[in-house]
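K.L.:
This is the structure I want to talk about, given as structure tokens.
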Protein chains: 4
Amino acid sequence: MQQRIGVGLIGTGYMGKCHALAWNSVRPVFGDGPKPRLVHLAEVDANIAARRADEFGFERSTGDWRQLIADPEVEVVSITTPNAFHADMAVAALEAGKHVWCEKPMAVTLDDAERMEAAAWASGKVAVLGYNYIQGPMVRLIGDLLAAGRIGRVNHVRLEMDEDFMADPGAPFGLKSLAESGYGAIDDFGVHPLSLLQVLLGPVRRVMAHLSKPYAERPVQSGGRRAVETHDVASILFEMDNEVSGVMALSRTAWGRKGRIALQIFGSAGTIVFDQERFNEVQIYEAGEGATAGFRTVLAGPQHPPYDRFIPAPGHGLGFNDLKIIECHELLRAIRGEPARVIDFTTGLAIERTVHAMAQSHRESRWVEV
Amino acid sequence: MQQRIGVGLIGTGYMGKCHALAWNSVRPVFGDGPKPRLVHLAEVDANIAARRADEFGFERSTGDWRQLIADPEVEVVSITTPNAFHADMAVAALEAGKHVWCEKPMAVTLDDAERMEAAAWASGKVAVLGYNYIQGPMVRLIGDLLAAGRIGRVNHVRLEMDEDFMADPGAPFGLKSLAESGYGAIDDFGVHPLSLLQVLLGPVRRVMAHLSKPYAERPVQSGGRRAVETHDVASILFEMDNEVSGVMALSRTAWGRKGRIALQIFGSAGTIVFDQERFNEVQIYEAGEGATAGFRTVLAGPQHPPYDRFIPAPGHGLGFNDLKIIECHELLRAIRGEPARVIDFTTGLAIERTVHAMAQSHRESRWVEV
Amino acid sequence: MQQRIGVGLIGTGYMGKCHALAWNSVRPVFGDGPKPRLVHLAEVDANIAARRADEFGFERSTGDWRQLIADPEVEVVSITTPNAFHADMAVAALEAGKHVWCEKPMAVTLDDAERMEAAAWASGKVAVLGYNYIQGPMVRLIGDLLAAGRIGRVNHVRLEMDEDFMADPGAPFGLKSLAESGYGAIDDFGVHPLSLLQVLLGPVRRVMAHLSKPYAERPVQSGGRRAVETHDVASILFEMDNEVSGVMALSRTAWGRKGRIALQIFGSAGTIVFDQERFNEVQIYEAGEGATAGFRTVLAGPQHPPYDRFIPAPGHGLGFNDLKIIECHELLRAIRGEPARVIDFTTGLAIERTVHAMAQSHRESRWVEV
Amino acid sequence: MQQRIGVGLIGTGYMGKCHALAWNSVRPVFGDGPKPRLVHLAEVDANIAARRADEFGFERSTGDWRQLIADPEVEVVSITTPNAFHADMAVAALEAGKHVWCEKPMAVTLDDAERMEAAAWASGKVAVLGYNYIQGPMVRLIGDLLAAGRIGRVNHVRLEMDEDFMADPGAPFGLKSLAESGYGAIDDFGVHPLSLLQVLLGPVRRVMAHLSKPYAERPVQSGGRRAVETHDVASILFEMDNEVSGVMALSRTAWGRKGRIALQIFGSAGTIVFDQERFNEVQIYEAGEGATAGFRTVLAGPQHPPYDRFIPAPGHGLGFNDLKIIECHELLRAIRGEPARVIDFTTGLAIERTVHAMAQSHRESRWVEV
């Protein structure tokens, strides 16, 4: 009687496990929609695939992702492999008539991203990207407040995204320092604040970027040192369609920052401040409150959907993995044809174009239109 | 080939859903232990039971909890009903040879709590209480730091637990204002900070309590007003076995506090500060750091087990429901006979005795030994 | 043409310098009132007295405080000597027809405090105590908010005062560990939160105190160890006249706390939170703000008098010494017969009685009426 | 016997009063150096000049600043008039053989600033600018930490300066919206973060600026609206000599920000974070602290000179006006030929050149070398 949906998952690393958890929890949390049936799990190593399938609750597993895509019982495919594989997998899945849930960023090259977006259009299937930070209840609240004009007309925005996993200059040269992994901070990180910008305030019109290498070289495990090819730090000026000016700073070498995505939105009647490291909180300042004006620290609670689906009491806190459950629920809504809060491949492509414009701006030392 | 464990769940409210989520996620998160098989779900209304069983992934359901306990495939029973029902259900489950996972507080009366504890001893089964706050990675870190002597010998402790769900004086008279629901803040709330004290610093030796009623009366839905029988606010002095003095303040009428459990531990070489509203953080001050001495705000990360089982990257944040997943995992460890971080019925009874000592202290206006 | 007032200052330590700074700045800051003429400065060592008089801008100096009191040009006497000297000096000054500005606490013994208060009444002169923390603009704002009913009817209060200058167990035995210095935390510190309570919410009616010694002994400089006679830590329950319950915690051994005086005031319509370590801020939560309810962090500015007398721009911050300038201005207002925000000897005596009631409560292990 | 120094003060507004307070307090606070003799005060309106002279403690007053400069008893001149007057006054004072203490920014035009700097060189007198934020004890601590390599080699810096006095779009068109007042945020505000950069990390090498007008027009008091000529918001990329990249954001229309000057300095071994709104604190993160790594919040205390000259106890807090007292003391040190922490006219000119380079960069939409 109840509807079910067959799920395939490719990849079982950080994000693979995160998707698996979401697929397990989405129905107990939300209590609606089709019941996910965890059908097929793919991982390069077939043994690991089998073990993870058992842990994650998948019915079968494979060492060959094409088998998963060929599985007729799989209706939606989670892609959580390294970025360079996204395009081939997503395109294959879409061509096989599956919905696709692909981790961000879309792809390393703009060509690949364009190919993915074209395949999505051609397939008529739902194809969304794993931009989980847009799903937080407080990010939704920010969107609601902006829409309601609570801080008036926005005129200036500041974004920062910082972590410190590349901050140690003595850490060995790795994949992320290779040009083939991408540009560095702007694609590895920049896409996240860009996804927030997109959802909250719309597209970026032009950018002026400055990329830098805090450490010109890194030690190679086998001895010696190797020149770093990517830029761990980026500073960007930008303009948006709606006359909003902005500044963005990104760093993978920011000691002490662990998951910071800081947002400051200034409007004609107030200011909103947010930091993903405390994503169950948002700060809002509203003009006109006299002697008791101040930034109000709002704690997430059931009045901030969909927090209420997780916990009925306020201030108890959602976790990072919960954001993925919300995202999974939005994906299911999109599949059912309902309005959904997702970044589809078309919007995702716009984000990619912004990143490539940043890279071009840095190379040519000038403003570049997106 | 793999081991399974049959789960029964009684109650589908706030905590019932929380247990269901934990049972669904514990294996994908931890990847070890027996695979929970969600066998039987009980709820007063059989229709709701059926619907929730479908949502939560249970195989069958019932409107009669005794059927669930009689189910031979159920090996462990989650009890998440109102406190007054805990004793009968827990005792029945234990007598039927099931392990029991019962929400806190144990029971409304000390008699009931003692009956539960005796049943646990008699059964030889695992019987633990749902004190989830002891499971947070930063609470574990606090324990590790104390054990390592990082703040020296502890001499003074302050605890606060505050929410505001009873803060509105215009909110109608409800169950929590009736004496039959218990004393008020000390049992509804006090058990949580007591569970933290117990785990981190040991048992309370004697207490001096002052209970108060911020609102002597509350409006009755049908008109008129009714005298409040419970104490929404409590202030307590206490001494611990190890010469530690302390103060505890509890309020269900603390406007603006949503899930605050604040802890300050002072030692001869430093101080630790924690607040559950930001439970992915802890603050530590260590003596002897010269001109840069200060409280360090530590963000939870994979170096703070079992955070790493949820997310490999630091600073991304666990959620309240994740604490229950950890608790579920500890329960499974206890069932397997492994050392586990749980509050069993014996320790739970000690906490209950402390609460009843507080009530007595208030009545008799004197220090009471626990 | 302009009115002048002759000032005498006894003591040139921490508070002596603080008074000297206030006397130098009060007129440039406020631009009103009599012009202080710094006439006479007394210090035990006449040479130091002369040097400080030169630095602080006093006309003459003495090694004998009685000479200062005998000086006909001195109209008001600042007393900043150790507590044990307050009574003799204040009584002598009052009997000589001088106004008195005496540092807190009033005296070590209740007898002395009573003697001082009687002398004040007999003299008809202005006699106020140096409770500077009541002068902060945000403490005034709290008073205004309470008076305006912004958080409704207050029902519960928590106070903490903590510093760490006695926190090192290896620090040598000193004056503050001797019984002749007083009780310990309750008189050394407790008077400050009591002054805030008094000004904001009125007098304390009864207390239940528990005092403790984190370190039973301290090393003596000459070798060996000596039993500590005072209590560095105190935990107190209290009730106020207006049915407000409260809890107070005090520590001179709280590592990491440098000047913390934390205040939480809970009312039927909101909550106010303050910490002296960030005394240019106050937090207020007001019920009824819907999805954006939260604690508002208000920064001191010119809308919070008398901040505007110091700086016309908001958020720039007053300092600790500025509080003394405000206090000096209030003293001058009192001398001119204007309504003034001061703690006079009568109110100061009530605070002393509360401290002694705490000590008695601890000794007798029972509630004591003030 | 003791040395005195004759002081003249031009201007009695916000900064005039601040200078007056500093001249009154510098000796009582520091207890060394020459004793300032407050000789002459000038203000456009002679009556106001007389009144303020009385309040501030100056011996005589004038409505004509040239008389003050001609006064042979004046040895050092404080200039606190609107920026457009700085050049004429400073040059006249220097030519008359006086030392000069001039408020920031130097001047509206680069020509004027150059003229001032030339006059300083020609005079051989001390000429310093009122960059008070460099004087905070925590800013000094930052400098010490950087010098000691505590965060390794700096590679990236972020600066923000925000206030909200222009944030109301309904506020009438005023002087600060006129082109003759300067560029807007970059000179009105930008000079402050630039002064911190200069003192902590050295000069800026090149800039890429984007200026914007949040409100294109403002209402005119007499009716109608007028086009705004200055830029209230600025976003700037910059590079420093030492391979440090940076980003700076400035806003006079940032609702809720009152005196924010936020600084984030990222190095190869740690991070330092500072905000002027809480200038008695600094945050430092140091790599290599394991499971308890975190940002340490350091409270200003006597271990952070010259805090100890104001208050012997830590955590009690300096105020904004205290920074000016420190600055005054540094000026006196410079006059005595001692090493001093000041921004002299030469360094000030470098800051001005940076601001003008920003304006040019915006106009020409390209990177500009300073």
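Simple scheme: letters A, B, ... for chains in structure tokens order, numbers from 1 for residues in each chain, numbers from 1 for ligands in the order shown.
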I'd like a table as a tab-separated table: residues in chain B with an atom no more than 10 Å from chain A, each row giving the shortest atom pair and its distance in Å to one decimal, only C-alpha atoms counted, sorted by chain and rising residue number.
P.N.:
```
residue	atom	partner	partner_atom	distance
B:Gln2	CA	A:Asp54	CA	9.2
B:Gly13	CA	A:Pro312	CA	9.4
B:Tyr14	CA	A:Pro312	CA	6.6
B:Met15	CA	A:Ile311	CA	9.0
B:Lys17	CA	A:Pro28	CA	7.6
B:Cys18	CA	A:Ile311	CA	8.0
B:Ala20	CA	A:Pro28	CA	7.3
B:Leu21	CA	A:Pro28	CA	6.5
B:Ala22	CA	A:Ser25	CA	9.2
B:Asn24	CA	A:Asn24	CA	6.6
B:Ser25	CA	A:Leu21	CA	6.6
B:Val26	CA	A:Glu55	CA	9.5
B:Arg27	CA	A:Glu55	CA	5.9
B:Pro28	CA	A:Phe56	CA	4.5
B:Val29	CA	A:Leu21	CA	7.3
B:Phe30	CA	A:Glu55	CA	8.3
B:Gly31	CA	A:Glu55	CA	5.2
B:Asp32	CA	A:Glu55	CA	7.5
B:Gly33	CA	A:Glu55	CA	9.7
B:Lys35	CA	A:Glu55	CA	8.2
B:Arg51	CA	A:Gly31	CA	8.9
B:Arg52	CA	A:Gly31	CA	7.9
B:Ala53	CA	A:Pro28	CA	9.2
B:Asp54	CA	A:Gly31	CA	8.5
B:Glu55	CA	A:Pro28	CA	5.1
B:Phe56	CA	A:Pro28	CA	4.5
B:Gly57	CA	A:Pro28	CA	7.3
B:Glu163	CA	A:Pro314	CA	8.9
B:Asp164	CA	A:Pro314	CA	9.5
B:Phe165	CA	A:Ala313	CA	8.7
B:Gly256	CA	A:Leu299	CA	9.1
B:Arg257	CA	A:Gly315	CA	7.8
B:Lys258	CA	A:Gly315	CA	4.7
B:Gly259	CA	A:Gly315	CA	5.1
B:Arg260	CA	A:Gly315	CA	7.9
B:Gln276	CA	A:His316	CA	7.8
B:Glu277	CA	A:Gly315	CA	6.1
B:Arg278	CA	A:Arg278	CA	7.7
B:Phe279	CA	A:Gly317	CA	8.4
B:Asn280	CA	A:Arg278	CA	8.7
B:Glu281	CA	A:Arg278	CA	9.5
B:Val298	CA	A:Gly256	CA	9.3
B:Leu299	CA	A:Lys258	CA	7.8
B:Ala300	CA	A:Lys258	CA	9.3
B:Gly301	CA	A:Lys258	CA	8.4
B:Arg309	CA	A:Lys17	CA	9.8
B:Phe310	CA	A:Asn321	CA	7.6
B:Ile311	CA	A:Tyr14	CA	7.0
B:Pro312	CA	A:Tyr14	CA	6.6
B:Ala313	CA	A:Lys258	CA	7.7
B:Pro314	CA	A:Lys258	CA	5.5
B:Gly315	CA	A:Lys258	CA	4.7
B:His316	CA	A:Gly259	CA	5.6
B:Gly317	CA	A:Gly319	CA	5.2
B:Leu318	CA	A:Gly319	CA	4.1
B:Gly319	CA	A:Gly319	CA	3.5
B:Phe320	CA	A:Gly317	CA	5.5
B:Asn321	CA	A:Leu318	CA	7.5
B:Asp322	CA	A:Gly319	CA	7.4
```
K.L.:
Return as JSON, numbers by chain the full set of residues in region 99-145 of chain D whose backbone-based DSSP assignment is strand (DSSP E or B).
P.N.:
{"D": [99, 100, 101, 102, 127, 128, 129]}
K.L.:
Could you write out the selected residues, including N, CA, C and O atoms, as a compact mmCIF listing (two decimals), in the first residue's frame?
P.N.:
```txt
# COMPACT_ATOMS: atom_id res chain seq x y z
N HIS D 99 55.27 71.22 19.56
CA HIS D 99 54.94 69.83 19.24
C HIS D 99 53.46 69.75 18.89
O HIS D 99 52.66 70.56 19.38
N VAL D 100 53.10 68.77 18.05
CA VAL D 100 51.70 68.67 17.61
C VAL D 100 51.16 67.27 17.84
O VAL D 100 51.81 66.27 17.54
N TRP D 101 49.95 67.25 18.37
CA TRP D 101 49.19 66.00 18.55
C TRP D 101 47.86 66.21 17.81
O TRP D 101 46.98 66.89 18.30
N CYS D 102 47.79 65.65 16.60
CA CYS D 102 46.67 65.95 15.71
C CYS D 102 45.77 64.73 15.54
O CYS D 102 46.25 63.62 15.32
N ALA D 127 55.51 65.31 16.00
CA ALA D 127 54.19 65.49 15.38
C ALA D 127 53.56 64.11 15.24
O ALA D 127 54.03 63.30 14.44
N VAL D 128 52.53 63.89 16.02
CA VAL D 128 51.92 62.55 15.99
C VAL D 128 50.42 62.66 15.78
O VAL D 128 49.81 63.69 16.05
N LEU D 129 49.85 61.54 15.32
CA LEU D 129 48.42 61.50 15.01
C LEU D 129 47.67 60.68 16.06
O LEU D 129 48.24 59.78 16.69
```
K.L.:
Could you tell me how far CA of Pro172 (chain C) sits from CA of Glu289 (chain B), in Å to one decimal place?
P.N.:
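The value is 19.7 Å.
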K.L.:
Just the residues within 12 Å of Asn155 (chain B), please, counting only C-alpha atoms, with nothing from its chain fewer than 6 positions along; format it as JSON, numbers by chain.
P.N.:
{"B": [146, 201, 239, 240, 241, 242, 243, 244, 245, 246, 247, 264, 265, 266, 267, 268, 269, 270, 271], "C": [167, 169, 211, 212, 213, 214, 215, 216, 232, 233, 234, 251, 253, 254, 255]}
K.L.:
Mind pulling up the distance from CA of Met358 (chain A) to CA of Ser235 (chain A)?
P.N.:
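Going from CA of Ser235 (chain A) over to CA of Met358 (chain A) covers 9.7 Å.
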K.L.:
Which residues come within 6 Å of Ser61 (chain A), counting only C-alpha atoms, excluding same-chain residues fewer than 4 positions away, as JSON, numbers by chain?
P.N.:
{"A": [40, 41, 42, 49, 50]}
K.L.:
Using CA of Leu159 (chain A) and CA of Pro193 (chain A) as the two end points, give the distance in Å to one decimal.
P.N.:
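Atom-to-atom, CA of Leu159 (chain A) to CA of Pro193 (chain A), that is 6.5 Å.
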K.L.:
Which residues are close to Arg115 (chain A), i.e. within 9 Å by only C-alpha atoms, leaving aside same-chain residues fewer than 5 positions away? Reply as an MDAnalysis selection string.
P.N.:
chainID A and resid 87 91 110 120
K.L.:
Could you please take those selected residues and save N, CA and C atoms as a short mmCIF file (atom, residue, chain, number, x, y, z; two decimals), in the first residue's frame?
P.N.:
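The resulting file, part_17.cif, is reproduced below:
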```cif
data_model
loop_
_atom_site.label_atom_id
_atom_site.label_comp_id
_atom_site.auth_asym_id
_atom_site.auth_seq_id
_atom_site.Cartn_x
_atom_site.Cartn_y
_atom_site.Cartn_z
N ALA A 87 30.90 13.40 -12.82
CA ALA A 87 30.26 13.61 -14.13
C ALA A 87 29.89 12.27 -14.77
N VAL A 91 25.93 11.34 -15.16
CA VAL A 91 25.40 11.26 -16.53
C VAL A 91 24.88 9.85 -16.80
N LEU A 110 34.67 22.77 -15.92
CA LEU A 110 33.40 23.38 -16.31
C LEU A 110 32.73 22.51 -17.36
N ALA A 120 20.91 16.21 -17.16
CA ALA A 120 19.75 16.36 -16.28
C ALA A 120 18.55 16.85 -17.07
#
```
K.L.:
As an MDAnalysis selection string, list the residues of region 112-354 of chain B assigned to alpha helix (DSSP H) by DSSP on the backbone atoms of this structure.
P.N.:
chainID B and resid 112:123 137:147 185:188 191:201 307:310 320:335 345:354
K.L.:
Which residues are near Val273 (chain A)? Cut-off 8 Å, only C-alpha atoms, ignore same chain within fewer than 4 positions. Put them as a PyMOL selection string.
P.N.:
chain A and resi 262-265+282-284
K.L.:
Find the spatial neighbours of region 332-347 of chain D, counting only C-alpha atoms, within a cut-off of 9 Å - ignore same-chain residues fewer than 6 positions away - and output them as an MDAnalysis selection string.
P.N.:
chainID D and resid 33:34 99 106 113:114 116:118 120:121 125:131 134:135 195 198:199
